[in-house]
file structure_5.cif (mmCIF, C-alpha atoms)
data_target
#
loop_
_atom_site.label_atom_id
_atom_site.label_comp_id
_atom_site.auth_asym_id
_atom_site.auth_seq_id
_atom_site.Cartn_x
_atom_site.Cartn_y
_atom_site.Cartn_z
CA MET A 61 124.06 153.38 64.09
CA LEU A 62 125.35 155.04 60.97
CA HIS A 63 127.01 158.33 61.80
CA GLU A 64 127.40 161.31 59.50
CA GLN A 65 131.17 160.96 59.66
CA GLU A 66 130.96 157.42 58.31
CA LEU A 67 129.14 158.72 55.26
CA LYS A 68 132.45 160.24 54.18
CA THR A 69 133.58 156.72 53.25
CA PHE A 70 130.70 156.37 50.80
CA VAL A 71 131.04 159.91 49.46
CA GLU A 72 134.73 159.29 48.76
CA GLY A 73 133.97 155.92 47.20
CA THR A 74 131.42 157.47 44.87
CA THR A 75 133.75 160.32 43.93
CA ASN A 76 136.54 157.86 43.24
CA PHE A 77 134.32 155.63 41.12
CA PHE A 78 133.41 158.40 38.68
CA GLU A 79 136.91 159.88 38.59
CA VAL A 80 138.55 156.56 37.79
CA THR A 81 135.92 154.84 35.68
CA ALA A 82 134.59 157.79 33.70
CA GLN A 83 137.59 160.11 34.00
CA GLN A 84 135.11 162.81 34.83
CA PRO A 85 134.40 163.71 38.44
CA ALA A 86 130.90 163.72 39.85
CA SER A 87 129.57 166.42 42.09
CA ILE A 88 128.42 164.91 45.36
CA GLY A 89 125.74 166.81 47.26
CA SER A 90 125.33 166.97 51.01
CA PRO A 91 123.92 163.73 52.41
CA TYR A 92 120.56 164.01 54.14
CA LEU A 93 118.47 161.75 56.33
CA MET A 94 115.91 159.81 54.37
CA GLU A 95 112.28 160.02 55.37
CA GLY A 96 109.68 157.70 53.92
CA SER A 97 110.21 155.87 50.68
CA PRO A 98 112.83 157.34 48.36
CA ALA A 99 112.17 158.23 44.73
CA VAL A 100 114.34 156.05 42.52
CA HIS A 101 115.47 156.06 38.90
CA GLU A 102 114.97 153.32 36.30
CA TYR A 103 117.74 151.09 37.60
CA THR A 104 118.77 150.39 41.20
CA GLY A 105 121.69 148.21 42.27
CA VAL A 106 121.25 146.63 45.69
CA ILE A 107 123.95 145.38 48.04
CA ASN A 108 122.91 143.74 51.31
CA ILE A 109 125.26 144.34 54.21
CA SER A 110 125.77 141.83 57.01
CA GLY A 111 128.39 141.05 59.63
CA LYS A 112 129.48 143.84 61.96
CA ARG A 113 126.91 146.18 60.41
CA GLU A 114 123.54 145.37 58.89
CA GLY A 115 121.58 147.09 56.19
CA VAL A 116 121.62 147.91 52.51
CA VAL A 117 123.40 150.13 50.01
CA TYR A 118 121.49 151.21 46.90
CA PHE A 119 122.81 152.99 43.84
CA THR A 120 119.98 154.26 41.67
CA ALA A 121 120.46 155.91 38.27
CA SER A 122 118.63 156.71 35.07
CA LYS A 123 119.07 154.81 31.83
CA ALA A 124 120.45 157.98 30.25
CA MET A 125 123.18 158.31 32.86
CA LEU A 126 124.11 154.64 32.65
CA THR A 127 124.27 154.86 28.86
CA VAL A 128 126.78 157.71 28.98
CA LEU A 129 128.77 155.92 31.65
CA LEU A 130 128.92 152.82 29.46
CA MET A 131 130.12 154.95 26.55
CA LYS A 132 132.88 156.38 28.73
CA MET A 133 133.85 152.80 29.57
CA GLN A 134 134.07 152.08 25.83
CA GLU A 135 131.25 149.57 26.13
CA ASN A 136 129.07 149.17 23.04
CA ASP A 137 126.29 147.01 24.45
CA PHE A 138 123.48 149.18 25.80
CA SER A 139 120.93 146.45 26.41
CA HIS A 140 118.64 146.21 29.44
CA GLU A 141 120.86 143.42 30.81
CA THR A 142 123.98 145.58 30.51
CA MET A 143 122.25 148.45 32.34
CA ARG A 144 121.38 146.03 35.14
CA ASP A 145 124.94 144.73 35.16
CA LEU A 146 126.41 148.23 35.41
CA VAL A 147 124.15 149.53 38.16
CA GLY A 148 124.94 146.42 40.21
CA GLU A 149 128.65 146.81 39.57
CA VAL A 150 128.60 150.45 40.72
CA ALA A 151 126.80 149.50 43.95
CA ASN A 152 129.23 146.61 44.46
CA THR A 153 132.31 148.75 43.87
CA ILE A 154 131.29 151.56 46.23
CA SER A 155 130.22 149.07 48.94
CA GLY A 156 133.37 146.97 48.54
CA ASN A 157 135.60 150.02 48.73
CA ALA A 158 133.92 150.92 52.04
CA ARG A 159 135.70 147.93 53.60
CA ARG A 160 138.85 150.04 53.57
CA ASP A 161 137.35 151.89 56.55
CA PHE A 162 134.79 149.40 57.90
CA GLY A 163 137.02 146.31 57.67
CA ARG A 164 136.33 142.81 56.44
CA GLU A 165 133.50 142.29 58.92
CA PHE A 166 131.52 144.64 56.68
CA VAL A 167 130.23 141.77 54.55
CA ILE A 168 128.71 142.66 51.19
CA SER A 169 126.39 140.47 49.12
CA VAL A 170 126.55 139.93 45.40
CA PRO A 171 124.48 142.65 43.71
CA SER A 172 120.81 142.34 42.93
CA VAL A 173 119.03 144.82 40.69
CA LEU A 174 115.63 146.50 40.63
CA SER A 175 114.37 147.83 37.31
CA GLY A 176 111.92 150.57 38.13
CA GLU A 177 110.56 149.02 41.31
CA LYS A 178 110.73 150.87 44.59
CA PRO A 179 113.38 149.47 46.90
CA HIS A 180 112.50 148.07 50.26
CA ILE A 181 114.35 149.92 52.99
CA PRO A 182 114.67 147.65 56.02
CA GLN A 183 113.66 149.13 59.34
CA LYS A 184 115.74 147.89 62.22
CA PRO A 185 116.42 149.31 65.65
CA GLY A 186 119.30 151.74 65.46
CA MET A 187 119.23 151.91 61.67
CA ARG A 188 119.54 155.27 59.95
CA SER A 189 119.15 155.86 56.23
CA PHE A 190 120.92 158.59 54.31
CA ILE A 191 120.64 159.74 50.74
CA ILE A 192 123.79 160.96 49.00
CA PRO A 193 122.92 162.99 45.87
CA ILE A 194 125.19 162.50 42.87
CA ASN A 195 125.37 164.81 39.87
CA TRP A 196 127.43 163.76 36.89
CA ARG A 197 127.40 165.68 33.62
CA SER A 198 123.73 166.58 33.20
CA HIS A 199 122.50 163.52 35.08
CA SER A 200 121.56 162.87 38.66
CA ALA A 201 121.68 159.67 40.68
CA LYS A 202 121.54 158.70 44.34
CA LEU A 203 123.40 156.51 46.72
CA ILE A 204 121.16 155.35 49.56
CA VAL A 205 122.93 153.97 52.61
CA ALA A 206 120.85 152.38 55.38
CA LEU A 207 122.97 150.84 58.12
CA THR A 208 122.80 149.92 61.78
CA MET B 285 159.10 135.13 32.50
CA LEU B 286 156.01 133.39 33.75
CA ASN B 287 156.41 130.10 35.57
CA GLY B 288 153.62 128.31 33.83
CA ASN B 289 153.24 125.97 30.95
CA PRO B 290 153.68 128.30 28.00
CA THR B 291 152.05 127.05 24.86
CA ALA B 292 153.58 127.46 21.43
CA MET B 293 151.16 129.06 18.98
CA ASN B 294 150.95 128.58 15.22
CA GLY B 295 154.07 126.52 15.23
CA ASP B 296 156.38 129.50 15.58
CA ALA B 297 158.89 130.10 18.34
CA LYS B 298 156.75 132.71 20.08
CA ARG B 299 155.35 131.61 23.39
CA CYS B 300 151.83 132.43 24.42
CA PHE B 301 150.29 132.42 27.89
CA LYS B 302 146.69 131.34 28.21
CA LEU B 303 144.38 133.73 30.06
CA LEU B 304 141.13 132.98 31.91
CA ILE B 305 138.94 135.91 33.06
CA VAL B 306 136.64 135.35 36.06
CA ASP B 307 134.10 138.01 37.06
CA ASP B 308 130.34 137.94 37.62
CA SER B 309 129.92 141.16 35.63
CA ASN B 310 129.75 140.86 31.84
CA ILE B 311 130.90 144.48 31.58
CA MET B 312 134.01 143.79 33.65
CA ARG B 313 134.80 140.62 31.70
CA ARG B 314 134.53 142.47 28.39
CA ARG B 315 136.59 145.38 29.72
CA ILE B 316 139.42 143.11 30.83
CA GLU B 317 139.18 141.21 27.55
CA ARG B 318 139.44 144.43 25.53
CA LEU B 319 142.42 145.67 27.47
CA GLN B 320 144.61 142.64 27.45
CA GLN B 321 146.73 143.89 24.60
CA PHE B 322 149.66 141.65 25.23
CA GLU B 323 150.82 139.71 22.21
CA ASP B 324 151.86 136.84 24.41
CA LEU B 325 148.44 136.45 26.09
CA GLN B 326 145.70 134.37 24.53
CA LEU B 327 142.20 134.47 26.01
CA VAL B 328 140.98 130.90 26.50
CA GLY B 329 137.77 131.56 28.42
CA THR B 330 135.62 133.71 30.67
CA ALA B 331 133.61 132.60 33.70
CA GLY B 332 130.93 134.29 35.81
CA ASN B 333 131.56 132.48 39.10
CA GLY B 334 134.04 130.21 40.83
CA LEU B 335 132.40 126.95 39.82
CA GLU B 336 132.37 127.89 36.14
CA ALA B 337 135.99 128.99 36.51
CA LEU B 338 137.01 125.63 37.95
CA GLU B 339 135.34 123.77 35.09
CA LEU B 340 136.93 126.01 32.46
CA PHE B 341 140.28 125.84 34.18
CA LYS B 342 140.34 122.04 33.92
CA ARG B 343 139.39 122.19 30.23
CA THR B 344 141.67 125.01 29.10
CA ASP B 345 144.68 124.85 31.49
CA PRO B 346 145.33 128.62 31.64
CA ASP B 347 148.62 130.09 32.83
CA VAL B 348 147.16 133.44 33.95
CA VAL B 349 143.81 134.12 35.67
CA THR B 350 142.10 137.40 36.58
CA MET B 351 139.79 136.72 39.52
CA ASP B 352 136.91 138.67 41.03
CA LEU B 353 136.15 137.87 44.68
CA THR B 354 132.47 138.62 45.33
CA MET B 355 130.65 136.16 43.09
CA PRO B 356 127.67 133.81 43.38
CA ARG B 357 127.96 130.01 43.77
CA MET B 358 131.67 130.03 44.62
CA ASP B 359 133.55 133.15 45.65
CA GLY B 360 137.00 134.10 44.43
CA ILE B 361 138.89 133.27 47.63
CA GLU B 362 137.63 129.68 47.57
CA CYS B 363 138.26 129.41 43.85
CA ILE B 364 141.88 130.65 44.13
CA GLY B 365 142.67 127.87 46.60
CA GLN B 366 141.20 125.24 44.29
CA LEU B 367 142.98 126.56 41.18
CA VAL B 368 146.35 126.67 42.94
CA ALA B 369 145.81 123.10 44.19
CA LEU B 370 145.26 122.02 40.59
CA LYS B 371 148.18 124.00 39.18
CA PRO B 372 150.59 125.58 41.66
CA ALA B 373 152.38 127.55 38.92
CA VAL B 374 149.23 129.43 37.79
CA ARG B 375 149.51 133.23 38.12
CA ILE B 376 146.39 134.86 39.57
CA LEU B 377 145.55 138.57 39.58
CA VAL B 378 142.67 139.40 41.92
CA ILE B 379 140.52 142.25 40.59
CA SER B 380 138.06 143.21 43.30
CA ALA B 381 136.29 146.13 44.95
CA LEU B 382 137.01 144.69 48.40
CA ALA B 383 139.47 147.26 49.66
CA ASP B 384 140.42 146.00 53.13
CA LYS B 385 143.95 144.74 53.65
CA ALA B 386 142.86 141.52 55.36
CA THR B 387 141.10 140.34 52.22
CA ALA B 388 144.12 141.10 50.04
CA VAL B 389 146.37 139.23 52.49
CA GLU B 390 144.03 136.22 52.53
CA ALA B 391 143.92 136.14 48.72
CA MET B 392 147.72 136.20 48.56
CA GLU B 393 147.96 133.50 51.21
CA ARG B 394 145.64 131.31 49.16
CA GLY B 395 147.97 131.71 46.21
CA ALA B 396 147.11 134.92 44.34
CA ASN B 397 150.07 136.80 42.89
CA GLY B 398 148.63 140.31 42.61
CA PHE B 399 145.69 142.45 43.69
CA LEU B 400 144.09 145.23 41.64
CA GLU B 401 141.37 147.24 43.33
CA LYS B 402 138.21 148.27 41.47
CA PRO B 403 137.68 150.83 40.08
CA PHE B 404 140.81 150.80 37.95
CA THR B 405 142.13 152.64 34.93
CA ASP B 406 143.19 150.95 31.71
CA ARG B 407 146.79 151.76 32.57
CA GLN B 408 146.54 150.21 36.04
CA LEU B 409 145.12 147.01 34.55
CA ASN B 410 147.81 146.76 31.92
CA GLU B 411 150.53 147.38 34.50
CA ALA B 412 149.06 144.77 36.86
CA ILE B 413 148.96 142.16 34.11
CA ALA B 414 152.48 143.05 33.02
CA ASP B 415 153.68 142.69 36.64
CA LEU B 416 152.00 139.31 36.83
CA MET B 417 153.86 138.06 33.80
CA ARG B 418 157.32 139.19 34.87
#
call {"tool": "encode", "arguments": {"input": "structure_5.cif", "output": "structure tokens"}}
result
Amino acid sequence: MLHEQELKTFVEGTTNFFEVTAQQPASIGSPYLMEGSPAVHEYTGVINISGKREGVVYFTASKAMLTVLLMKMQENDFSHETMRDLVGEVANTISGNARRDFGREFVISVPSVLSGEKPHIPQKPGMRSFIIPINWRSHSAKLIVALT
Amino acid sequence: MLNGNPTAMNGDAKRCFKLLIVDDSNIMRRRIERLQQFEDLQLVGTAGNGLEALELFKRTDPDVVTMDLTMPRMDGIECIGQLVALKPAVRILVISALADKATAVEAMERGANGFLEKPFTDRQLNEAIADLMR
């Protein structure tokens, strides 16, 4: 079961991503237990977790936020495909970094991306789902972590 | 100096090392491409997975490769082993989000020469590539 203390790994990973990639820190809100189906933004990057733990990690963000992030990365392609690429890469980076604490048995999939659709949150015995709010510049995003 | 097969360019005495970029993210490939500001590096190709990388490697014979690990079709660890079998002198920089030590050790044991963790700054990338070419 995912414990509150383990969420620190994901909070730190998210903080580090924005600090390093955008050279502008994000403000991370207090994680809270998810109930029901979460509201998502236009783009959601999905990483499936298997191995020692099972579940999913979602990073969901608006097109506006991703556009500014791309600008900070000196990218000049703002197409739908690039938005999908970025949101998947953010989810992949934060999930991959979590192996520092969870170890290599925390197996992450290649990213898949939802554009506007609601994500499916798997329900398994012992699984808990948390939402980590992210505020960066004037934009908000969420990291959703659902793990056994 | 790199232990590869440096290729003379434009007939002058300057030696140029051929670079292959492997990552399943277009954004990451373009970012690495933009940042490789070394006069002695020439980009010869980019690939989005290990199988594409193998094919391009055989066609372009690069001296230096940047390699993602989590990719579809063939992952980076498998690809590193195959590239090194084809050309033991190739220099490979792994650029991956996978932050556990065991993965870095396995990549090095397969033949990688360096490991840069995502996310990275421009400076970290340039330093990692410079280290690779020493």
call {"tool": "resolve_selection", "arguments": {"input": "structure_5.cif", "expression": "the PyMOL selection byres ((chain A) within 6 of (chain B))", "output": "PyMOL selection string"}}
result
chain A and resi 77+153+156-157+159-160+163
call {"tool": "resolve_selection", "arguments": {"input": "structure_5.cif", "expression": "the PyMOL selection byres ((chain A and resi 71) around 10)", "output": "PyMOL selection string"}}
result
chain A and resi 66-70+72-77+87-91+154+158+192-194+203
call {"tool": "residues_around", "arguments": {"input": "structure_5.cif", "residues": "Arg357 of chain B", "least_positions_apart": "4", "cutoff": "12 Å", "atoms": "only C-alpha atoms", "output": "PyMOL selection string"}}
result
(chain A and resi 169-170) or (chain B and resi 308+331-338+353+362-363)
call {"tool": "residues_around", "arguments": {"input": "structure_5.cif", "residues": "Pro185 of chain A", "least_positions_apart": "6", "cutoff": "12 Å", "atoms": "only C-alpha atoms", "output": "ChimeraX atom specification"}}
result
/A:61-62,114-115,206-208
call {"tool": "write_last_selection", "arguments": {"input": "structure_5.cif", "atoms": "C-alpha atoms", "output": "compact mmCIF listing (two decimals), keeping the file's coordinate frame"}}
result
# COMPACT_ATOMS: atom_id res chain seq x y z
CA MET A 61 124.06 153.38 64.09
CA LEU A 62 125.35 155.04 60.97
CA GLU A 114 123.54 145.37 58.89
CA GLY A 115 121.58 147.09 56.19
CA ALA A 206 120.85 152.38 55.38
CA LEU A 207 122.97 150.84 58.12
CA THR A 208 122.80 149.92 61.78
call {"tool": "closest_residue", "arguments": {"input": "structure_5.cif", "among": "A:His101, A:Lys132, A:Lys112, A:Arg144", "to": "Arg197 of chain A", "atoms": "all atoms listed in the file"}}
result
A:Lys132
call {"tool": "closest_residue", "arguments": {"input": "structure_5.cif", "among": "A:Met125, A:Ala151, A:Val167, A:Met133", "to": "Ser200 of chain A", "atoms": "only C-alpha atoms"}}
result
A:Met125
call {"tool": "residues_around", "arguments": {"input": "structure_5.cif", "residues": "segment 327-330 of chain B", "least_positions_apart": "3", "cutoff": "6 Å", "atoms": "all atoms listed in the file", "output": "number ranges by chain"}}
result
B: 302-306
call {"tool": "resolve_selection", "arguments": {"input": "structure_5.cif", "expression": "the PyMOL selection byres ((chain A and resi 104) around 7)", "output": "list in words"}}
result
His101, Glu102, Tyr103, Gly105, Val106, Tyr118, Phe119, Thr120, Ala121, Val147, Val173, Leu174 and Ser175 of chain A
call {"tool": "atom_distance", "arguments": {"input": "structure_5.cif", "atom1": "atom CA of Arg394 of chain B", "atom2": "atom CA of Ile379 of chain B"}}
result
14.8 Å
call {"tool": "build_atoms", "arguments": {"input": "structure_5.cif", "residues": "segment 390-414 of chain B", "atoms": "N, CA and C atoms", "output": "PDB file, in the frame of the given file"}}
result
ATOM      1  N   GLU B 390     144.567 137.584  52.622  1.00  0.00           N
ATOM      2  CA  GLU B 390     144.030 136.220  52.530  1.00  0.00           C
ATOM      3  C   GLU B 390     144.127 135.695  51.097  1.00  0.00           C
ATOM      4  N   ALA B 391     143.831 136.568  50.127  1.00  0.00           N
ATOM      5  CA  ALA B 391     143.920 136.140  48.720  1.00  0.00           C
ATOM      6  C   ALA B 391     145.353 135.737  48.371  1.00  0.00           C
ATOM      7  N   MET B 392     146.310 136.524  48.847  1.00  0.00           N
ATOM      8  CA  MET B 392     147.720 136.200  48.560  1.00  0.00           C
ATOM      9  C   MET B 392     148.123 134.909  49.264  1.00  0.00           C
ATOM     10  N   GLU B 393     147.623 134.733  50.491  1.00  0.00           N
ATOM     11  CA  GLU B 393     147.960 133.500  51.210  1.00  0.00           C
ATOM     12  C   GLU B 393     147.375 132.268  50.534  1.00  0.00           C
ATOM     13  N   ARG B 394     146.237 132.442  49.887  1.00  0.00           N
ATOM     14  CA  ARG B 394     145.640 131.310  49.160  1.00  0.00           C
ATOM     15  C   ARG B 394     146.390 131.005  47.860  1.00  0.00           C
ATOM     16  N   GLY B 395     147.195 131.990  47.418  1.00  0.00           N
ATOM     17  CA  GLY B 395     147.970 131.710  46.210  1.00  0.00           C
ATOM     18  C   GLY B 395     147.892 132.757  45.120  1.00  0.00           C
ATOM     19  N   ALA B 396     147.150 133.856  45.356  1.00  0.00           N
ATOM     20  CA  ALA B 396     147.110 134.920  44.340  1.00  0.00           C
ATOM     21  C   ALA B 396     148.477 135.599  44.264  1.00  0.00           C
ATOM     22  N   ASN B 397     148.769 136.163  43.106  1.00  0.00           N
ATOM     23  CA  ASN B 397     150.070 136.800  42.890  1.00  0.00           C
ATOM     24  C   ASN B 397     149.993 138.323  42.824  1.00  0.00           C
ATOM     25  N   GLY B 398     148.788 138.855  42.688  1.00  0.00           N
ATOM     26  CA  GLY B 398     148.630 140.310  42.610  1.00  0.00           C
ATOM     27  C   GLY B 398     147.215 140.694  42.969  1.00  0.00           C
ATOM     28  N   PHE B 399     147.022 141.980  43.288  1.00  0.00           N
ATOM     29  CA  PHE B 399     145.690 142.450  43.690  1.00  0.00           C
ATOM     30  C   PHE B 399     145.469 143.825  43.066  1.00  0.00           C
ATOM     31  N   LEU B 400     144.451 143.957  42.264  1.00  0.00           N
ATOM     32  CA  LEU B 400     144.090 145.230  41.640  1.00  0.00           C
ATOM     33  C   LEU B 400     142.700 145.617  42.149  1.00  0.00           C
ATOM     34  N   GLU B 401     142.631 146.801  42.735  1.00  0.00           N
ATOM     35  CA  GLU B 401     141.370 147.240  43.330  1.00  0.00           C
ATOM     36  C   GLU B 401     140.480 147.896  42.270  1.00  0.00           C
ATOM     37  N   LYS B 402     139.195 147.559  42.289  1.00  0.00           N
ATOM     38  CA  LYS B 402     138.210 148.270  41.470  1.00  0.00           C
ATOM     39  C   LYS B 402     137.823 149.550  42.198  1.00  0.00           C
ATOM     40  N   PRO B 403     137.568 150.654  41.532  1.00  0.00           N
ATOM     41  CA  PRO B 403     137.680 150.830  40.080  1.00  0.00           C
ATOM     42  C   PRO B 403     139.136 150.999  39.678  1.00  0.00           C
ATOM     43  N   PHE B 404     139.429 150.698  38.427  1.00  0.00           N
ATOM     44  CA  PHE B 404     140.810 150.800  37.950  1.00  0.00           C
ATOM     45  C   PHE B 404     140.818 151.467  36.581  1.00  0.00           C
ATOM     46  N   THR B 405     141.975 152.041  36.263  1.00  0.00           N
ATOM     47  CA  THR B 405     142.130 152.640  34.930  1.00  0.00           C
ATOM     48  C   THR B 405     142.695 151.585  33.981  1.00  0.00           C
ATOM     49  N   ASP B 406     142.623 151.866  32.704  1.00  0.00           N
ATOM     50  CA  ASP B 406     143.190 150.950  31.710  1.00  0.00           C
ATOM     51  C   ASP B 406     144.678 150.733  31.990  1.00  0.00           C
ATOM     52  N   ARG B 407     145.349 151.836  32.321  1.00  0.00           N
ATOM     53  CA  ARG B 407     146.790 151.760  32.570  1.00  0.00           C
ATOM     54  C   ARG B 407     147.102 150.873  33.779  1.00  0.00           C
ATOM     55  N   GLN B 408     146.311 151.038  34.843  1.00  0.00           N
ATOM     56  CA  GLN B 408     146.540 150.210  36.040  1.00  0.00           C
ATOM     57  C   GLN B 408     146.348 148.723  35.724  1.00  0.00           C
ATOM     58  N   LEU B 409     145.354 148.413  34.913  1.00  0.00           N
ATOM     59  CA  LEU B 409     145.120 147.010  34.550  1.00  0.00           C
ATOM     60  C   LEU B 409     146.284 146.463  33.731  1.00  0.00           C
ATOM     61  N   ASN B 410     146.705 147.228  32.755  1.00  0.00           N
ATOM     62  CA  ASN B 410     147.810 146.760  31.920  1.00  0.00           C
ATOM     63  C   ASN B 410     149.084 146.572  32.738  1.00  0.00           C
ATOM     64  N   GLU B 411     149.329 147.499  33.656  1.00  0.00           N
ATOM     65  CA  GLU B 411     150.530 147.380  34.500  1.00  0.00           C
ATOM     66  C   GLU B 411     150.429 146.154  35.419  1.00  0.00           C
ATOM     67  N   ALA B 412     149.236 145.923  35.956  1.00  0.00           N
ATOM     68  CA  ALA B 412     149.060 144.770  36.860  1.00  0.00           C
ATOM     69  C   ALA B 412     149.269 143.468  36.111  1.00  0.00           C
ATOM     70  N   ILE B 413     148.773 143.394  34.890  1.00  0.00           N
ATOM     71  CA  ILE B 413     148.960 142.160  34.110  1.00  0.00           C
ATOM     72  C   ILE B 413     150.424 141.994  33.719  1.00  0.00           C
ATOM     73  N   ALA B 414     151.058 143.119  33.362  1.00  0.00           N
ATOM     74  CA  ALA B 414     152.480 143.050  33.020  1.00  0.00           C
ATOM     75  C   ALA B 414     153.298 142.582  34.220  1.00  0.00           C
TER      76      ALA B 414
END
